[in-house]
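> I have a structure I would like to understand better, so I am pasting it below and will then ask my questions one at a time.
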Amino acid sequence: TWIVLLGTCLVYLIGLYAFHDSPNRALHRAMTALVVASPCAVVISIPAAILSAIASAARGGVLFKGGTHLERTATLLAMAFDKTGTLTIGQPQLTDIEPISGMSVDELLTVAASLESHSEHPLARAVVEAAKSRGLTVPEAESVEAVIGHGVAGIVNGKRRWAGKLSWFTDTGTACDPTLTERAAKLQADGHTLIAIADEQRVVGLLAVSDALRPTAAAAIQELRDLGLTSLTMLSGDHAIVVARIAGQLGLQAEGQLLPADKLQRLAAIRKEFGSVGMIGDVHLGDEVL
């Protein structure tokens, strides 16, 4: 023990005067030598390393439920990502409002904000914030019902209204003006996410929302590649064109227009191929266990 303690002091002095380390750096070297040289290090090295890693991850905003889960990350070869709020900043802005003929921009936005005010999704918040910035009076929607993976329905000013993905309405045969369809194609090609508003007969308008990539996204993706991950995939419920555009900027594989159940199926397929898969972002696991 005395030899270890004297050796630790020697390491500290050598760090200061031979290597010209700062006092903190020299102390770090000395404490490292103390821990390694101590016979107890053989016993405590693994739990100490795990606790240190968990604490470091927590400071970075990542919560591990235990050492087992931490160690399992070393086996990952595949990673999947959600788009909104994960690879993008998660603060989308409303950029375009396209009502049908006979409906005003403010009227369409009011209906949309009334329905979306019950949701915490970043796209919904963008719509509500846009209505507030215009000084619009947003009525309280009644009988609001969320349809997971599609949108939301409710009663606004006594009339039944829907807000959600355009594909939700086109797939169910809801009429859509050809002008709106053409406009939707252009907005999606430009990378915008669309929210369609419909009544009981037809789609009455579109809202276009845009969200920027996180400045750190590209570097994070490259770092994962450098760590040896061979499969990096974006799984999103957004339109395939929008997803492909975002993924192209990051060099990711991408799949769009996925419902929560579709994401689970795709994750299961990736796991079957690579043995394990990590998911970063928003996915409704429900009772499923991957």
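Please note that chains go A, B, ... in the order of the structure tokens, that every chain numbers its residues from 1, and that ligands are numbered from 1 in the order shown.
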What's around Ser231 (chain A) at 9 Å? Count only C-alpha atoms, leave out sequence neighbours fewer than 4 positions away in its own chain, and write the answer as a PyMOL selection string.
chain A and resi 77-80+225+252-253+270+274
> Which parts of region 22-176 of chain A does DSSP call strand (DSSP E or B) when run on the backbone here, written out as number ranges by chain?
A: 78-81, 88, 93-99, 142-147, 151-156, 159-164, 175
> Skipping near chain neighbours, those fewer than 2 positions away, what residues fall within 12 Å of Ala37 (chain A) using only C-alpha atoms, listed as a list in words?
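Residues meeting the cut-off are Thr1, Trp2, Ile3, Val4, Leu5, Leu6, Gly7, Thr8, Val11, Ala30, Met31, Thr32, Ala33, Leu34, Val35, Pro39, Cys40, Ala41, Val42 and Ser45 of chain A.
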> Taking 2 positions as the minimum chain separation for residues in the same chain, which residues sit within 12 Å of Val147 (chain A) when counting only C-alpha atoms? Answer as a VMD selection string.
chain A and resid 119 144 to 145 149 to 154 162 to 165 168 259 to 260
> May I have the selected residues written with N, CA and C atoms, as a PDB file, in the first residue's frame?

ATOM      1  N   SER A 119     -53.220  18.133 -29.473  1.00  0.00           N
ATOM      2  CA  SER A 119     -52.075  17.261 -29.709  1.00  0.00           C
ATOM      3  C   SER A 119     -50.790  17.932 -29.245  1.00  0.00           C
ATOM      4  N   VAL A 144     -62.996  15.227 -29.739  1.00  0.00           N
ATOM      5  CA  VAL A 144     -61.739  15.036 -30.460  1.00  0.00           C
ATOM      6  C   VAL A 144     -61.251  13.601 -30.281  1.00  0.00           C
ATOM      7  N   GLU A 145     -60.855  13.008 -31.381  1.00  0.00           N
ATOM      8  CA  GLU A 145     -60.383  11.622 -31.365  1.00  0.00           C
ATOM      9  C   GLU A 145     -59.116  11.510 -32.212  1.00  0.00           C
ATOM     10  N   GLY A 149     -51.284   7.319 -36.238  1.00  0.00           N
ATOM     11  CA  GLY A 149     -50.656   7.112 -37.529  1.00  0.00           C
ATOM     12  C   GLY A 149     -51.331   7.830 -38.674  1.00  0.00           C
ATOM     13  N   HIS A 150     -52.481   8.470 -38.412  1.00  0.00           N
ATOM     14  CA  HIS A 150     -53.220   9.132 -39.488  1.00  0.00           C
ATOM     15  C   HIS A 150     -53.484  10.610 -39.201  1.00  0.00           C
ATOM     16  N   GLY A 151     -54.114  10.898 -38.066  1.00  0.00           N
ATOM     17  CA  GLY A 151     -54.449  12.289 -37.781  1.00  0.00           C
ATOM     18  C   GLY A 151     -55.417  12.403 -36.623  1.00  0.00           C
ATOM     19  N   VAL A 152     -56.310  13.373 -36.718  1.00  0.00           N
ATOM     20  CA  VAL A 152     -57.236  13.645 -35.631  1.00  0.00           C
ATOM     21  C   VAL A 152     -58.578  14.062 -36.214  1.00  0.00           C
ATOM     22  N   ALA A 153     -59.655  13.748 -35.499  1.00  0.00           N
ATOM     23  CA  ALA A 153     -61.006  14.121 -35.916  1.00  0.00           C
ATOM     24  C   ALA A 153     -61.713  14.796 -34.753  1.00  0.00           C
ATOM     25  N   GLY A 154     -62.651  15.676 -35.068  1.00  0.00           N
ATOM     26  CA  GLY A 154     -63.395  16.356 -34.027  1.00  0.00           C
ATOM     27  C   GLY A 154     -64.485  17.242 -34.610  1.00  0.00           C
ATOM     28  N   TRP A 162     -61.736  16.851 -40.024  1.00  0.00           N
ATOM     29  CA  TRP A 162     -60.594  15.951 -39.883  1.00  0.00           C
ATOM     30  C   TRP A 162     -59.312  16.687 -40.256  1.00  0.00           C
ATOM     31  N   ALA A 163     -58.211  16.322 -39.605  1.00  0.00           N
ATOM     32  CA  ALA A 163     -56.893  16.863 -39.943  1.00  0.00           C
ATOM     33  C   ALA A 163     -55.885  15.726 -39.873  1.00  0.00           C
ATOM     34  N   GLY A 164     -55.081  15.599 -40.920  1.00  0.00           N
ATOM     35  CA  GLY A 164     -54.100  14.520 -40.912  1.00  0.00           C
ATOM     36  C   GLY A 164     -53.369  14.395 -42.233  1.00  0.00           C
ATOM     37  N   LYS A 165     -52.782  13.239 -42.456  1.00  0.00           N
ATOM     38  CA  LYS A 165     -52.040  12.991 -43.681  1.00  0.00           C
ATOM     39  C   LYS A 165     -52.974  13.027 -44.887  1.00  0.00           C
ATOM     40  N   TRP A 168     -54.290   9.703 -45.935  1.00  0.00           N
ATOM     41  CA  TRP A 168     -55.413   9.177 -45.141  1.00  0.00           C
ATOM     42  C   TRP A 168     -56.729   9.424 -45.871  1.00  0.00           C
ATOM     43  N   LEU A 259     -47.034   3.435 -40.617  1.00  0.00           N
ATOM     44  CA  LEU A 259     -47.830   3.503 -39.398  1.00  0.00           C
ATOM     45  C   LEU A 259     -46.988   2.935 -38.254  1.00  0.00           C
ATOM     46  N   PRO A 260     -47.368   3.202 -36.991  1.00  0.00           N
ATOM     47  CA  PRO A 260     -46.601   2.651 -35.871  1.00  0.00           C
ATOM     48  C   PRO A 260     -46.394   1.140 -35.964  1.00  0.00           C
TER      49      PRO A 260
END
> Could you check how far CA of Glu200 (chain A) sits from CA of Arg160 (chain A), in Å to one decimal?
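Result for CA of Glu200 (chain A) versus CA of Arg160 (chain A): 6.7 Å, one decimal.
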> For Ala126 (chain A), list every protein, DNA or RNA residue within 10 Å, evaluated using only C-alpha atoms, and leave out those in the same chain fewer than 6 positions away; present the list as JSON, numbers by chain.
{"A": [90, 91, 92, 93, 94, 95, 113, 116, 117, 132, 209, 210, 211]}
> Write a file of the selected residues as an mmCIF file, in the first residue's frame, keeping N, CA, C and O atoms.

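The resulting selection07.cif:
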data_model
loop_
_atom_site.group_PDB
_atom_site.id
_atom_site.type_symbol
_atom_site.label_atom_id
_atom_site.label_comp_id
_atom_site.auth_asym_id
_atom_site.auth_seq_id
_atom_site.Cartn_x
_atom_site.Cartn_y
_atom_site.Cartn_z
ATOM 1 N N GLY A 90 -37.149 19.627 -34.613
ATOM 2 C CA GLY A 90 -38.383 19.412 -33.868
ATOM 3 C C GLY A 90 -39.133 20.697 -33.578
ATOM 4 O O GLY A 90 -40.006 20.725 -32.715
ATOM 5 N N GLN A 91 -38.782 21.757 -34.305
ATOM 6 C CA GLN A 91 -39.484 23.033 -34.164
ATOM 7 C C GLN A 91 -39.962 23.489 -35.545
ATOM 8 O O GLN A 91 -39.497 24.504 -36.067
ATOM 9 N N PRO A 92 -40.867 22.711 -36.145
ATOM 10 C CA PRO A 92 -41.331 23.035 -37.502
ATOM 11 C C PRO A 92 -42.089 24.351 -37.548
ATOM 12 O O PRO A 92 -42.683 24.784 -36.552
ATOM 13 N N GLN A 93 -42.047 24.965 -38.710
ATOM 14 C CA GLN A 93 -42.740 26.232 -38.934
ATOM 15 C C GLN A 93 -43.751 26.063 -40.062
ATOM 16 O O GLN A 93 -43.471 25.403 -41.069
ATOM 17 N N LEU A 94 -44.920 26.675 -39.900
ATOM 18 C CA LEU A 94 -45.930 26.657 -40.952
ATOM 19 C C LEU A 94 -45.488 27.585 -42.068
ATOM 20 O O LEU A 94 -45.234 28.768 -41.842
ATOM 21 N N THR A 95 -45.379 27.054 -43.289
ATOM 22 C CA THR A 95 -44.851 27.840 -44.402
ATOM 23 C C THR A 95 -45.904 28.194 -45.450
ATOM 24 O O THR A 95 -45.809 29.240 -46.085
ATOM 25 N N ALA A 113 -56.139 24.611 -36.300
ATOM 26 C CA ALA A 113 -55.618 24.881 -34.955
ATOM 27 C C ALA A 113 -56.561 24.348 -33.886
ATOM 28 O O ALA A 113 -56.120 23.868 -32.835
ATOM 29 N N GLU A 116 -55.838 20.606 -33.813
ATOM 30 C CA GLU A 116 -54.472 20.279 -33.423
ATOM 31 C C GLU A 116 -54.117 20.764 -32.020
ATOM 32 O O GLU A 116 -53.087 20.371 -31.473
ATOM 33 N N SER A 117 -54.939 21.623 -31.445
ATOM 34 C CA SER A 117 -54.626 22.134 -30.106
ATOM 35 C C SER A 117 -54.672 21.042 -29.049
ATOM 36 O O SER A 117 -54.172 21.224 -27.936
ATOM 37 N N LYS A 132 -52.019 31.578 -33.423
ATOM 38 C CA LYS A 132 -51.857 32.591 -32.380
ATOM 39 C C LYS A 132 -51.141 33.822 -32.924
ATOM 40 O O LYS A 132 -51.503 34.957 -32.589
ATOM 41 N N VAL A 209 -45.725 22.369 -43.649
ATOM 42 C CA VAL A 209 -44.849 22.624 -42.510
ATOM 43 C C VAL A 209 -43.440 22.171 -42.872
ATOM 44 O O VAL A 209 -43.257 21.149 -43.528
ATOM 45 N N SER A 210 -42.470 22.942 -42.452
ATOM 46 C CA SER A 210 -41.079 22.606 -42.744
ATOM 47 C C SER A 210 -40.265 22.595 -41.458
ATOM 48 O O SER A 210 -40.458 23.436 -40.583
ATOM 49 N N ASP A 211 -39.354 21.613 -41.362
ATOM 50 C CA ASP A 211 -38.506 21.481 -40.189
ATOM 51 C C ASP A 211 -37.068 21.284 -40.656
ATOM 52 O O ASP A 211 -36.808 20.529 -41.592
#
> Name the closest residue to Val204 (chain A) among the candidates A:Leu267, A:Ala141, A:Leu51, A:Cys176; distances are taken between atoms, counting only C-alpha atoms.
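Nearest to Val204 (chain A): A:Cys176.
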> Figure out the distance between CA of Ala74 (chain A) and CA of Glu273 (chain A), please, to one decimal in Å.
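Between CA of Glu273 (chain A) and CA of Ala74 (chain A) the gap is 16.9 Å.
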> Closest to Ala112 (chain A) among A:Asp177, A:Glu140, A:Glu182, A:Glu255, using only C-alpha atoms?
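Result for the nearest residue to Ala112 (chain A): A:Glu140.
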> Could you tell me how far CA of Met234 (chain A) lies from CA of Phe81 (chain A), in Å and to one decimal?
4.7 Å
> Looking at only C-alpha atoms, which of A:Ala26, A:Ala48, A:Leu180, A:Val111 is the one that sits closest to Glu98 (chain A)?
A:Leu180
> Just list as a PyMOL selection string whatever in region 92-195 of chain A DSSP marks as alpha helix (DSSP H).
chain A and resi 105-116+122-133+166-171+178-189
> Looking at A:Ala220, A:Leu108, A:Ala247, A:Ile148, which one is nearest to Asp199 (chain A), with distances taken over only C-alpha atoms?
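Using only C-alpha atoms, the shortest distance to Asp199 (chain A) belongs to A:Leu108.
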> Using only C-alpha atoms, find the one residue out of A:Asp282, A:Thr172, A:Thr181, A:Arg271 that sits nearest to Pro122 (chain A).
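So, comparing all the options, the nearest one is A:Asp282.
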> Counting only C-alpha atoms, figure out which residue out of A:Leu76, A:Leu264, A:Leu229, A:Ile221 gets nearest to Leu250 (chain A).
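Between A:Leu76, A:Leu264, A:Leu229, A:Ile221, the residue approaching Leu250 (chain A) most closely is A:Ile221.
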